[in-house]
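Peer 1: Here you go, start_4.txt (compact mmCIF, C-alpha atoms):
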# COMPACT_ATOMS: atom_id res chain seq x y z
CA MET A 1 80.09 130.32 87.27
CA LYS A 2 82.42 133.28 87.02
CA GLN A 3 84.59 134.04 84.01
CA LEU A 4 87.75 136.09 83.89
CA ILE A 5 87.47 138.99 81.47
CA ALA A 6 89.55 142.04 80.59
CA LEU A 7 87.90 145.43 80.26
CA GLU A 8 89.44 148.71 79.19
CA VAL A 9 87.89 151.44 81.30
CA ASN A 10 89.05 155.05 81.13
CA GLY A 11 92.29 153.90 79.50
CA ASP A 12 93.14 151.32 82.17
CA MET A 13 92.94 147.56 81.67
CA HIS A 14 91.19 145.58 84.38
CA GLU A 15 91.04 141.82 84.78
CA ILE A 16 87.84 140.92 86.56
CA ALA A 17 86.00 137.72 87.41
CA VAL A 18 82.33 138.21 86.53
CA GLU A 19 79.17 136.16 86.25
CA ALA A 20 78.27 135.57 82.59
CA ASP A 21 75.05 137.56 82.93
CA ALA A 22 76.61 140.51 84.78
CA THR A 23 75.84 143.85 83.20
CA LEU A 24 78.54 146.36 82.43
CA LEU A 25 76.82 148.69 84.91
CA SER A 26 77.13 146.24 87.78
CA VAL A 27 80.77 145.52 86.98
CA LEU A 28 81.64 149.22 86.80
CA ARG A 29 79.99 149.95 90.12
CA ASP A 30 80.36 146.77 92.13
CA ASN A 31 83.69 145.39 90.87
CA LEU A 32 85.60 148.50 89.85
CA GLY A 33 84.10 150.97 92.32
CA LEU A 34 83.30 153.48 89.59
CA ILE A 35 80.13 154.67 91.23
CA GLY A 36 79.74 157.84 89.19
CA THR A 37 77.72 155.72 86.79
CA LYS A 38 74.34 155.36 88.47
CA ARG A 39 71.82 152.55 88.64
CA GLY A 40 68.36 153.99 88.16
CA CYS A 41 65.67 152.00 86.40
CA ASP A 42 68.18 149.28 85.42
CA SER A 43 66.13 148.67 82.29
CA GLY A 44 67.17 151.23 79.68
CA GLY A 45 64.61 153.87 80.49
CA CYS A 46 66.26 156.57 82.60
CA GLY A 47 69.75 157.17 81.21
CA CYS A 48 71.65 157.65 84.45
CA CYS A 49 73.84 154.62 83.65
CA THR A 50 75.02 156.16 80.36
CA VAL A 51 78.68 155.55 79.52
CA HIS A 52 80.63 155.72 76.27
CA ILE A 53 81.48 152.53 74.45
CA ASP A 54 84.00 153.18 71.66
CA GLY A 55 83.02 156.85 71.91
CA LYS A 56 79.26 156.29 71.67
CA ALA A 57 76.79 156.91 74.49
CA MET A 58 75.03 153.71 75.56
CA TYR A 59 73.09 152.38 78.53
CA SER A 60 75.52 150.28 80.57
CA CYS A 61 72.59 148.46 82.19
CA MET A 62 71.70 147.02 78.80
CA MET A 63 75.11 145.65 77.95
CA TYR A 64 76.57 142.46 79.28
CA ALA A 65 80.07 142.91 80.66
CA LEU A 66 81.26 140.06 78.45
CA SER A 67 80.01 141.96 75.39
CA ALA A 68 82.11 144.97 76.42
CA GLN A 69 85.40 143.10 76.05
CA GLY A 70 87.72 144.62 73.47
CA ARG A 71 85.90 147.95 73.52
CA LYS A 72 86.96 151.26 74.99
CA ILE A 73 84.71 152.18 77.90
CA THR A 74 84.62 155.72 79.25
CA THR A 75 82.76 156.63 82.43
CA ILE A 76 82.24 159.99 84.08
CA GLU A 77 85.44 159.33 86.05
CA GLY A 78 87.29 159.36 82.73
CA LEU A 79 86.35 162.97 82.01
CA GLY A 80 88.48 165.78 83.35
CA SER A 81 89.98 165.65 86.83
CA ALA A 82 89.31 167.13 90.25
CA GLU A 83 91.71 169.96 89.40
CA LYS A 84 90.47 170.57 85.88
CA LEU A 85 86.92 169.64 85.06
CA ASP A 86 85.81 168.68 81.58
CA PRO A 87 84.16 171.71 79.92
CA VAL A 88 80.75 170.03 80.08
CA GLN A 89 81.17 169.25 83.79
CA ASP A 90 82.30 172.84 84.32
CA ALA A 91 79.24 174.19 82.51
CA PHE A 92 76.91 172.04 84.66
CA VAL A 93 78.53 173.49 87.80
CA LYS A 94 78.44 177.08 86.55
CA GLU A 95 74.81 176.87 85.44
CA GLY A 96 73.69 175.07 88.60
CA ALA A 97 72.34 172.24 86.46
CA VAL A 98 72.50 169.80 89.36
CA GLN A 99 69.85 169.33 91.99
CA CYS A 100 69.87 165.87 93.59
CA GLY A 101 72.65 164.90 91.17
CA TYR A 102 71.52 161.38 90.43
CA CYS A 103 70.99 161.96 86.71
CA THR A 104 73.97 164.27 86.30
CA CYS A 105 76.71 161.83 85.32
CA GLY A 106 74.55 160.15 82.69
CA MET A 107 73.34 163.51 81.47
CA ILE A 108 76.94 164.73 81.04
CA MET A 109 77.99 161.59 79.17
CA THR A 110 75.04 162.07 76.81
CA ALA A 111 75.83 165.78 76.41
CA LYS A 112 79.42 164.88 75.51
CA GLN A 113 78.31 162.85 72.50
CA LEU A 114 75.64 165.38 71.60
CA LEU A 115 78.26 168.15 71.44
CA HIS A 116 80.75 165.92 69.67
CA ASP A 117 78.23 165.20 66.91
CA ASN A 118 76.80 168.71 66.83
CA PRO A 119 79.14 171.30 68.41
CA HIS A 120 76.59 174.14 68.29
CA PRO A 121 73.16 172.63 68.75
CA VAL A 122 69.99 174.71 68.82
CA GLU A 123 67.79 174.26 71.88
CA GLU A 124 65.48 171.80 70.13
CA ALA A 125 68.46 169.60 69.20
CA ILE A 126 69.65 169.68 72.82
CA ARG A 127 66.24 168.68 74.14
CA HIS A 128 65.97 165.92 71.54
CA GLY A 129 69.53 164.80 72.28
CA ILE A 130 68.92 164.29 76.00
CA ALA A 131 65.57 162.54 75.47
CA GLY A 132 67.07 159.28 76.72
CA ASN A 133 67.93 160.77 80.12
CA LEU A 134 65.40 161.49 82.82
CA CYS A 135 65.75 164.20 85.44
CA ARG A 136 63.10 164.33 88.16
CA CYS A 137 64.32 167.54 89.82
CA THR A 138 65.36 170.32 87.53
CA GLY A 139 62.66 170.43 84.89
CA TYR A 140 65.58 170.27 82.44
CA HIS A 141 65.84 174.04 81.98
CA LYS A 142 69.21 174.44 83.69
CA ILE A 143 70.55 171.28 82.08
CA VAL A 144 69.70 172.67 78.64
CA GLU A 145 71.31 175.99 79.62
CA ALA A 146 74.46 174.16 80.77
CA ILE A 147 74.76 172.34 77.47
CA LYS A 148 74.33 175.64 75.64
CA THR A 149 77.08 177.11 77.80
CA ALA A 150 79.37 174.16 77.11
CA ALA A 151 78.73 174.68 73.40
CA GLY A 152 79.62 178.34 73.71
CA ASN A 153 76.14 179.30 72.46
CA MET M 1 70.22 140.57 84.29
CA ALA M 2 69.36 137.35 85.93
CA LEU M 3 69.47 134.43 83.57
CA VAL M 4 69.12 131.62 86.07
CA LYS M 5 69.94 128.78 83.68
CA LEU M 6 72.74 130.51 81.75
CA LYS M 7 75.67 128.15 81.21
CA GLU M 8 77.61 129.69 78.36
CA PHE M 9 78.21 133.11 76.81
CA CYS M 10 79.54 132.63 73.29
CA ILE M 11 81.20 135.41 71.30
CA PRO M 12 81.89 133.71 67.98
CA ASP M 13 84.34 135.03 65.41
CA LYS M 14 82.96 132.82 62.68
CA PRO M 15 79.45 131.65 61.74
CA GLU M 16 80.42 128.00 62.31
CA GLN M 17 80.89 128.78 65.99
CA VAL M 18 77.29 130.02 66.13
CA ASP M 19 76.21 126.68 64.71
CA ALA M 20 78.23 124.80 67.33
CA CYS M 21 76.70 126.74 70.21
CA VAL M 22 73.19 126.39 68.85
CA ALA M 23 73.69 122.68 68.20
CA LYS M 24 74.51 122.27 71.87
CA TYR M 25 71.65 124.30 73.34
CA GLY M 26 69.01 124.36 70.57
CA GLU M 27 66.09 126.68 71.30
CA ASN M 28 67.65 127.62 74.62
CA ALA M 29 70.45 129.50 72.84
CA LEU M 30 69.53 133.16 72.45
CA ILE M 31 71.17 135.23 69.74
CA LEU M 32 72.32 138.59 71.07
CA ALA M 33 72.65 141.52 68.66
CA GLY M 34 72.49 145.05 70.12
CA GLY M 35 71.03 143.76 73.37
CA SER M 36 68.72 146.71 73.90
CA PHE M 37 65.58 144.62 74.37
CA ILE M 38 66.99 141.94 76.65
CA HIS M 39 65.33 143.59 79.63
CA GLY M 40 62.04 143.69 77.77
CA LEU M 41 62.22 139.97 77.13
CA GLU M 42 63.39 139.19 80.64
CA ALA M 43 60.58 141.25 82.21
CA ARG M 44 58.09 139.19 80.25
CA GLY M 45 59.55 135.94 81.55
CA LEU M 46 60.86 134.94 78.14
CA LEU M 47 64.48 134.35 79.18
CA SER M 48 63.97 131.93 82.04
CA GLU M 49 65.01 128.92 79.92
CA VAL M 50 68.00 130.57 78.21
CA GLU M 51 71.14 128.45 78.66
CA ALA M 52 73.45 130.19 76.19
CA LEU M 53 73.82 133.72 74.89
CA VAL M 54 75.44 134.07 71.48
CA ASP M 55 76.79 137.58 70.92
CA ILE M 56 77.13 137.94 67.13
CA ARG M 57 78.76 141.38 67.08
CA LYS M 58 82.06 140.06 65.72
CA LEU M 59 80.44 138.37 62.72
CA GLY M 60 80.06 141.57 60.71
CA PHE M 61 76.78 141.96 58.79
CA ALA M 62 76.91 145.73 59.38
CA GLY M 63 76.67 148.52 56.83
CA VAL M 64 74.32 149.52 54.04
CA THR M 65 74.86 149.11 50.32
CA ALA M 66 72.85 150.62 47.52
CA ALA M 67 71.86 147.83 45.15
CA ALA M 68 69.82 148.17 41.95
CA GLY M 69 68.39 151.42 43.21
CA GLY M 70 67.35 149.89 46.49
CA LEU M 71 69.06 149.31 49.80
CA HIS M 72 70.62 146.25 51.39
CA ILE M 73 70.84 146.90 55.11
CA GLY M 74 73.20 144.60 57.02
CA ALA M 75 71.42 143.06 59.99
CA MET M 76 73.99 144.34 62.50
CA THR M 77 73.74 147.93 61.24
CA THR M 78 72.84 150.12 64.20
CA PHE M 79 70.08 152.69 64.04
CA ALA M 80 72.75 155.39 64.40
CA GLN M 81 74.65 154.05 61.37
CA LEU M 82 71.47 153.75 59.34
CA GLU M 83 70.45 157.29 60.21
CA GLN M 84 73.62 158.57 58.52
CA LEU M 85 72.55 157.18 55.15
CA PRO M 86 72.32 160.09 52.65
CA GLU M 87 69.42 158.47 50.80
CA LEU M 88 67.20 158.85 53.85
CA GLY M 89 67.27 162.60 53.50
CA SER M 90 66.59 162.70 49.80
CA ALA M 91 64.27 159.83 48.86
CA PRO M 92 60.56 160.34 49.66
CA TRP M 93 59.87 156.60 49.38
CA LEU M 94 62.17 156.04 52.40
CA GLY M 95 60.35 158.65 54.47
CA ALA M 96 58.83 156.11 56.87
CA LEU M 97 62.24 154.74 57.79
CA LYS M 98 63.69 158.21 58.19
CA ASP M 99 60.79 159.20 60.45
CA ALA M 100 61.00 156.05 62.58
CA LEU M 101 64.70 156.58 63.20
CA THR M 102 64.10 160.00 64.74
CA TYR M 103 62.30 158.60 67.79
CA PRO M 104 64.76 156.42 69.74
CA PRO M 105 67.14 158.15 72.14
CA MET M 106 70.82 158.35 71.29
CA GLN M 107 71.76 155.48 73.62
CA ILE M 108 69.36 153.09 71.88
CA LYS M 109 70.37 154.25 68.39
CA ASN M 110 74.00 153.48 69.20
CA ALA M 111 73.23 149.96 70.40
CA ALA M 112 70.12 148.64 68.66
CA THR M 113 70.52 146.84 65.35
CA VAL M 114 68.11 146.45 62.48
CA GLY M 115 68.26 142.65 62.53
CA GLY M 116 67.86 142.39 66.28
CA CYS M 117 64.94 144.79 66.22
CA LEU M 118 63.14 142.67 63.63
CA ALA M 119 63.95 139.28 65.15
CA ALA M 120 62.61 140.43 68.53
CA ALA M 121 59.11 140.34 66.95
CA CYS M 122 58.00 142.97 69.43
CA PRO M 123 54.67 144.52 68.47
CA PHE M 124 55.58 147.82 70.16
CA PHE M 125 58.69 148.60 68.07
CA ASP M 126 58.84 151.32 65.42
CA ILE M 127 61.33 150.18 62.79
CA PRO M 128 59.36 146.99 61.93
CA THR M 129 56.24 149.08 61.24
CA ALA M 130 58.23 151.31 58.90
CA LEU M 131 60.03 148.46 57.14
CA LEU M 132 56.83 146.47 56.63
CA ALA M 133 55.30 149.49 54.90
CA LEU M 134 58.36 149.52 52.63
CA ASP M 135 57.77 145.85 51.67
CA CYS M 136 61.04 144.73 53.24
CA LYS M 137 62.54 141.35 52.32
CA LEU M 138 65.03 139.45 54.45
CA SER M 139 68.00 137.25 53.70
CA THR M 140 68.82 134.68 56.34
CA ASN M 141 71.59 132.16 56.87
CA LYS M 142 71.66 128.96 58.87
CA ALA M 143 74.83 126.90 58.76
CA GLY M 144 75.56 128.17 55.26
CA ALA M 145 72.02 127.58 53.95
CA LYS M 146 70.52 130.85 52.76
CA ARG M 147 66.89 131.72 52.37
CA GLU M 148 64.81 134.74 51.45
CA MET M 149 61.59 135.73 53.13
CA ASN M 150 59.13 138.57 53.33
CA LEU M 151 59.34 140.52 56.55
CA ALA M 152 55.68 139.74 57.20
CA ASP M 153 56.56 136.03 57.29
CA LEU M 154 59.19 136.59 60.00
CA PHE M 155 56.56 137.42 62.59
CA SER M 156 54.84 134.35 63.99
CA GLY M 157 53.38 135.59 67.25
CA LEU M 158 53.92 137.83 70.22
CA PHE M 159 57.73 138.00 70.64
CA GLU M 160 58.03 134.97 68.37
CA ASN M 161 59.72 134.75 65.01
CA SER M 162 59.77 132.04 62.38
CA LEU M 163 63.57 131.67 62.33
CA GLU M 164 64.94 128.23 63.09
CA PRO M 165 67.45 127.85 65.92
CA GLY M 166 70.74 129.25 64.65
CA GLU M 167 69.18 130.95 61.63
CA LEU M 168 70.38 134.55 61.48
CA ILE M 169 68.97 137.51 59.60
CA ILE M 170 71.80 138.72 57.37
CA GLU M 171 70.19 141.57 55.46
CA ALA M 172 67.02 143.61 55.23
CA LYS M 173 66.38 144.59 51.63
CA LEU M 174 64.30 147.42 50.25
CA ALA M 175 63.53 147.73 46.55
CA LYS M 176 63.27 151.21 45.11
CA PRO M 177 59.84 151.84 43.58
CA ALA M 178 59.67 152.59 39.88
CA GLY M 179 57.16 155.43 39.96
CA ARG M 180 56.20 158.33 42.22
CA ALA M 181 56.17 156.98 45.73
CA ALA M 182 56.50 158.31 49.26
CA SER M 183 56.10 157.01 52.78
CA ALA M 184 55.80 158.33 56.32
CA PHE M 185 55.71 157.06 59.90
CA ILE M 186 54.32 158.59 63.08
CA LYS M 187 54.44 157.33 66.66
CA LEU M 188 52.34 158.13 69.69
CA GLU M 189 54.41 157.70 72.85
CA GLY M 190 53.87 158.53 76.49
CA THR M 191 57.39 159.83 76.99
CA ALA M 192 60.32 160.51 74.68
CA ASN M 193 61.87 157.17 75.67
CA ASP M 194 59.04 154.69 75.68
CA LEU M 195 57.56 152.01 73.49
CA ALA M 196 54.74 153.09 71.21
CA ILE M 197 51.15 153.36 72.38
CA VAL M 198 50.37 153.25 68.68
CA ASN M 199 52.47 153.79 65.58
CA ALA M 200 51.51 153.94 61.93
CA ALA M 201 53.32 153.95 58.61
CA ALA M 202 51.94 154.66 55.17
CA TYR M 203 53.45 154.05 51.75
CA ILE M 204 51.68 155.33 48.65
CA ALA M 205 52.58 155.28 44.97
CA LEU M 206 50.73 157.23 42.31
CA ASP M 207 50.34 156.47 38.61
CA GLY M 208 50.77 159.02 35.82
CA SER M 209 47.25 160.35 36.29
CA GLY M 210 47.74 160.88 40.00
CA GLN M 211 45.65 157.92 41.13
CA CYS M 212 46.82 155.59 43.86
CA GLN M 213 48.59 152.67 42.26
CA GLU M 214 49.97 151.04 45.36
CA ALA M 215 49.35 151.46 49.09
CA ARG M 216 50.70 149.80 52.19
CA ILE M 217 49.45 150.82 55.61
CA THR M 218 51.01 149.24 58.68
CA LEU M 219 50.44 149.68 62.40
CA GLY M 220 52.24 148.73 65.58
CA GLY M 221 52.26 149.57 69.25
CA GLY M 222 50.00 146.89 70.65
CA VAL M 223 47.38 146.64 67.94
CA GLY M 224 48.04 142.93 67.41
CA ASP M 225 50.53 140.22 68.34
CA ASN M 226 52.86 141.61 65.68
CA VAL M 227 52.96 144.56 63.34
CA VAL M 228 49.72 144.62 61.35
CA ARG M 229 49.15 145.49 57.70
CA SER M 230 45.73 146.97 57.08
CA SER M 231 44.49 145.72 53.72
CA SER M 232 41.04 147.20 54.45
CA ALA M 233 42.54 150.67 54.58
CA GLU M 234 44.66 150.04 51.51
CA GLN M 235 41.62 148.95 49.50
CA VAL M 236 39.95 152.29 50.16
CA LEU M 237 42.84 154.06 48.43
CA LEU M 238 43.67 151.88 45.46
CA GLY M 239 42.70 153.30 42.06
CA GLN M 240 41.48 156.52 43.64
CA LYS M 241 42.53 160.15 43.62
CA LEU M 242 43.83 160.79 47.14
CA THR M 243 41.71 163.47 48.76
CA GLU M 244 41.70 164.36 52.46
CA GLU M 245 38.25 162.83 52.76
CA LEU M 246 39.45 159.57 51.21
CA LEU M 247 42.50 159.44 53.49
CA GLN M 248 40.14 159.77 56.47
CA ARG M 249 37.95 156.94 55.17
CA ALA M 250 41.05 154.76 54.79
CA ALA M 251 42.20 155.62 58.30
CA ASP M 252 38.80 154.75 59.72
CA ALA M 253 39.03 151.35 58.02
CA VAL M 254 42.10 150.22 60.00
CA GLY M 255 39.76 149.23 62.82
CA GLN M 256 38.73 146.21 60.73
CA ASP M 257 42.26 144.80 60.76
CA ILE M 258 43.67 145.52 64.20
CA GLN M 259 43.02 144.06 67.63
CA PRO M 260 44.21 146.71 70.08
CA MET M 261 45.32 145.49 73.48
CA ALA M 262 44.90 147.15 76.87
CA ASP M 263 47.92 147.59 79.13
CA HIS M 264 49.47 150.13 81.47
CA ARG M 265 50.16 152.44 78.54
CA ALA M 266 46.65 152.69 77.12
CA SER M 267 43.22 151.12 76.93
CA ALA M 268 42.17 149.18 73.85
CA ALA M 269 39.58 151.84 73.03
CA TYR M 270 42.18 154.61 73.17
CA ARG M 271 44.56 152.61 70.98
CA LEU M 272 41.78 152.07 68.42
CA ALA M 273 40.92 155.76 68.34
CA MET M 274 44.57 156.79 68.06
CA ALA M 275 45.32 154.16 65.41
CA LYS M 276 42.85 155.95 63.14
CA VAL M 277 44.21 159.40 63.98
CA PHE M 278 47.82 158.39 63.43
CA THR M 279 47.09 156.48 60.23
CA LYS M 280 45.44 159.59 58.83
CA ARG M 281 48.45 161.70 59.82
CA ALA M 282 50.91 159.24 58.30
CA LEU M 283 48.92 159.17 55.06
CA SER M 284 48.75 162.97 54.91
CA LEU M 285 52.47 163.26 55.56
CA ALA M 286 53.30 160.69 52.88
CA LEU M 287 51.04 162.45 50.39
CA SER M 288 52.63 165.81 51.17
CA ARG M 289 55.99 164.32 50.23
CA LEU M 290 54.69 163.65 46.73
CA ASN M 291 53.64 167.23 46.14
Kindly present the structure from the file in structure tokens form.

Peer 2:
Amino acid sequence: MKQLIALEVNGDMHEIAVEADATLLSVLRDNLGLIGTKRGCDSGGCGCCTVHIDGKAMYSCMMYALSAQGRKITTIEGLGSAEKLDPVQDAFVKEGAVQCGYCTCGMIMTAKQLLHDNPHPVEEAIRHGIAGNLCRCTGYHKIVEAIKTAAGN
Amino acid sequence: MALVKLKEFCIPDKPEQVDACVAKYGENALILAGGSFIHGLEARGLLSEVEALVDIRKLGFAGVTAAAGGLHIGAMTTFAQLEQLPELGSAPWLGALKDALTYPPMQIKNAATVGGCLAAACPFFDIPTALLALDCKLSTNKAGAKREMNLADLFSGLFENSLEPGELIIEAKLAKPAGRAASAFIKLEGTANDLAIVNAAAYIALDGSGQCQEARITLGGGVGDNVVRSSSAEQVLLGQKLTEELLQRAADAVGQDIQPMADHRASAAYRLAMAKVFTKRALSLALSRLN
């Protein structure tokens, strides 16, 4: 049975009818069309569904949509714009830190919190910080370089 | 997440509303804290009978207070909040908890709660191994009735706890040791975002002459249905001067108390071998924090 809920996503309020066991990930993608957030393992192991909840990076596949009510949700679509990218997005482009691109949105959302908490991380802190995000293409080197660039290191 | 029998998703503002939901669905009401292990439970077929989810986020129970030299950790405190605690960086006796908190990725630290992590009774988790080594006590509440229990008594089987329906963990409490004490935790994991193959925590306290006055050695990661305390290893240390050779003998003794399982992560034989290796490392690290 569906329930009507209100979610605040990227500053906009949405009223949506969802199944009680719908995940935030499925609602973002399937109801709101915000497909920047990716479905990978769908079990909290790969990180490509990472979004911010009240400013903190979390796996949207592990949160029920009903539990996200009353919280501020930010997805990759909430960063920057087509005309002016967020500095972390810009750094990923400049450093060529994207190969197939499937992990990229989650990786950027994680990098945003990493740099918020630690504006000038050393390489080890960057590698530790993105440990919850898998990339099967790049070998991580360019991703780490992009985060360094975004930090101005 | 497919919960085929789910009828109600409760988000109570007050504890009484938890009681009402649980009274209606009994054991088929599942308390939801951080929610980061729901998939783990679902994958093991443990959610097929769930009729109600009770999200207790709005009830509070978050935050840490220093009490009588120890710590009272609210059950809904996230790993990320706990990690910010200044005492973790300065108190050797809390070393095991500090170490265990370094392993989860950011996304899990922001979601997972101390109470949820304990109530899940998952033998592969890290924080329970660390907290058991620190002799953690719990305060619980069910419809206004409070009770205290040892953490060890919470675990009653694989993914099973001894809480009654509707009974919530409110606090995890750690008492500060009187003498010289230190602890440490180490985890063996296949990737940086996986459950433990084996983990081990060690707590040691020395008397004035430098002999071991108190020892607690705990292991997790599939070495039993729940986190295991190795009294055989502890007995090797008690009353003794802690030499490297003695630490190795203690580590070798953990095999008497654990029953390693075989799964896709590791064979039982590998878990047994690594349990000894990681116990030795945890003991050495704890001892180094006393010097």

Peer 1: With only C-alpha atoms considered, list every residue of chain A at most 8 Å from chain M, as a list in words.

Peer 2: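 Applying the cut-off to the listed atoms yields Met1, Ala20, Asp21, Ala22, Thr23, Ser43, Gly44, Gly45, Thr50, Lys56, Ala57, Met58, Tyr59, Met62, Met63, Leu66, Ser67, Thr110, His128, Gly129, Ile130, Ala131 and Gly132 of chain A.
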
Peer 1: How far is it from atom CA of Ala200 of chain M to atom CA of Ala250 of chain M, in Å with one decimal?

Peer 2: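 Between these atoms lies a distance of 12.7 Å.
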
Peer 1: What gap, in Å, lies between atom CA of Ala65 of chain A and atom CA of Glu19 of chain A?

Peer 2: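 Interatomic distance, atom CA of Ala65 of chain A to atom CA of Glu19 of chain A: 8.8 Å.
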
Peer 1: Using Å and a single decimal, report how far atom CA of Ala273 of chain M sits from atom CA of Ala182 of chain M.

Peer 2: 24.8 Å

Peer 1: Using all atoms listed in the file, which residues sit within 12 Å of Leu151 of chain M once same-chain residues fewer than 2 positions away are excluded, as number ranges by chain?

Peer 2: M: 115, 117-119, 121, 127-140, 148-149, 153-156, 161-163, 169, 171-174, 226-229

Peer 1: Please provide the set of residues having any atom within 9 Å of Glu123 of chain A, restricted to all atoms listed in the file, with same-chain residues fewer than 3 positions apart removed, written as a PyMOL selection string.

Peer 2: chain A and resi 126-128+144-145+148

Peer 1: Can you tell me, as a list of chain:residue names, what residues are no more than 10 Å from Leu34 of chain A when counting only C-alpha atoms, ignoring any on the same chain fewer than 5 positions away?

Peer 2: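 In the requested format, the answer is A:Val9, A:Leu25, A:Ser26, A:Val27, A:Leu28, A:Arg29, A:Thr75, A:Ile76, A:Glu77, A:Gly78.
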
Peer 1: Please tell me which residues are no farther than 10 Å from (41.8, 163.7, 57.1) in the file, counting only C-alpha atoms, and write them as a ChimeraX atom specification.

Peer 2: /M:243-252,276-277,279-281,283-284

Peer 1: Please produce a file of those selected residues containing C-alpha atoms, as a compact mmCIF listing (two decimals), in the coordinates of the input.

Peer 2:
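Final output, saved to selection_32.txt:
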# COMPACT_ATOMS: atom_id res chain seq x y z
CA THR M 243 41.71 163.47 48.76
CA GLU M 244 41.70 164.36 52.46
CA GLU M 245 38.25 162.83 52.76
CA LEU M 246 39.45 159.57 51.21
CA LEU M 247 42.50 159.44 53.49
CA GLN M 248 40.14 159.77 56.47
CA ARG M 249 37.95 156.94 55.17
CA ALA M 250 41.05 154.76 54.79
CA ALA M 251 42.20 155.62 58.30
CA ASP M 252 38.80 154.75 59.72
CA LYS M 276 42.85 155.95 63.14
CA VAL M 277 44.21 159.40 63.98
CA THR M 279 47.09 156.48 60.23
CA LYS M 280 45.44 159.59 58.83
CA ARG M 281 48.45 161.70 59.82
CA LEU M 283 48.92 159.17 55.06
CA SER M 284 48.75 162.97 54.91

Peer 1: May I ask which of the residues M:Asp257, M:Glu51, M:Glu16, M:Glu87 is the closest one to Gly220 of chain M, counting all atoms listed in the file?

Peer 2: M:Asp257

Peer 1: Restricting the calculation to all atoms listed in the file: of A:Gly40, A:Gly55, A:Gly152, A:Gly96, which residue gets closest to Lys112 of chain A?

Peer 2: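 Using all atoms listed in the file, Lys112 of chain A sits closest to A:Gly55.
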
Peer 1: Determine, counting all atoms listed in the file, which protein, DNA and RNA residues have an atom within 7 Å of an atom of Ile108 of chain A; residues of the same chain fewer than 3 positions away are not included. Present the result as a count of residues only.

Peer 2: 6

Peer 1: Within 7 Å of Lys38 of chain A, counting only C-alpha atoms, which residues show up once you throw out same-chain ones fewer than 5 positions away? Write them as a ChimeraX atom specification, please.

Peer 2: /A:48-49,102

Peer 1: Find, counting all atoms listed in the file, the residue in M:Leu47, M:Ala68, M:Ala75, M:Ala286 that gets nearest to Ala29 of chain M.

Peer 2: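 Counting all atoms listed in the file, the residue closest to Ala29 of chain M is M:Leu47.
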
Peer 1: Mind completing segment 21-33 of chain A with N, CA and C atoms? Output as a PDB file, keeping the file's coordinate frame, please?

Peer 2:
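Written out: result-v4.pdb:
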ATOM      1  N   ASP A  21      76.170 136.656  83.200  1.00  0.00           N
ATOM      2  CA  ASP A  21      75.050 137.560  82.930  1.00  0.00           C
ATOM      3  C   ASP A  21      75.195 138.904  83.656  1.00  0.00           C
ATOM      4  N   ALA A  22      76.400 139.209  84.122  1.00  0.00           N
ATOM      5  CA  ALA A  22      76.610 140.510  84.780  1.00  0.00           C
ATOM      6  C   ALA A  22      76.540 141.630  83.746  1.00  0.00           C
ATOM      7  N   THR A  23      75.880 142.706  84.115  1.00  0.00           N
ATOM      8  CA  THR A  23      75.840 143.850  83.200  1.00  0.00           C
ATOM      9  C   THR A  23      77.117 144.679  83.359  1.00  0.00           C
ATOM     10  N   LEU A  24      77.409 145.453  82.326  1.00  0.00           N
ATOM     11  CA  LEU A  24      78.540 146.360  82.430  1.00  0.00           C
ATOM     12  C   LEU A  24      78.339 147.318  83.593  1.00  0.00           C
ATOM     13  N   LEU A  25      77.105 147.767  83.800  1.00  0.00           N
ATOM     14  CA  LEU A  25      76.820 148.690  84.910  1.00  0.00           C
ATOM     15  C   LEU A  25      77.220 148.074  86.249  1.00  0.00           C
ATOM     16  N   SER A  26      76.830 146.844  86.479  1.00  0.00           N
ATOM     17  CA  SER A  26      77.130 146.240  87.780  1.00  0.00           C
ATOM     18  C   SER A  26      78.626 146.035  87.954  1.00  0.00           C
ATOM     19  N   VAL A  27      79.324 145.713  86.872  1.00  0.00           N
ATOM     20  CA  VAL A  27      80.770 145.520  86.980  1.00  0.00           C
ATOM     21  C   VAL A  27      81.475 146.855  87.258  1.00  0.00           C
ATOM     22  N   LEU A  28      81.036 147.895  86.569  1.00  0.00           N
ATOM     23  CA  LEU A  28      81.640 149.220  86.800  1.00  0.00           C
ATOM     24  C   LEU A  28      81.474 149.634  88.261  1.00  0.00           C
ATOM     25  N   ARG A  29      80.271 149.470  88.765  1.00  0.00           N
ATOM     26  CA  ARG A  29      79.990 149.950  90.120  1.00  0.00           C
ATOM     27  C   ARG A  29      80.500 148.987  91.200  1.00  0.00           C
ATOM     28  N   ASP A  30      80.156 147.716  91.033  1.00  0.00           N
ATOM     29  CA  ASP A  30      80.360 146.770  92.130  1.00  0.00           C
ATOM     30  C   ASP A  30      81.755 146.131  92.121  1.00  0.00           C
ATOM     31  N   ASN A  31      82.349 145.990  90.935  1.00  0.00           N
ATOM     32  CA  ASN A  31      83.690 145.390  90.870  1.00  0.00           C
ATOM     33  C   ASN A  31      84.786 146.447  90.819  1.00  0.00           C
ATOM     34  N   LEU A  32      84.537 147.508  90.047  1.00  0.00           N
ATOM     35  CA  LEU A  32      85.600 148.500  89.850  1.00  0.00           C
ATOM     36  C   LEU A  32      85.432 149.739  90.737  1.00  0.00           C
ATOM     37  N   GLY A  33      84.309 149.841  91.418  1.00  0.00           N
ATOM     38  CA  GLY A  33      84.100 150.970  92.320  1.00  0.00           C
ATOM     39  C   GLY A  33      83.898 152.297  91.616  1.00  0.00           C
TER      40      GLY A  33
END
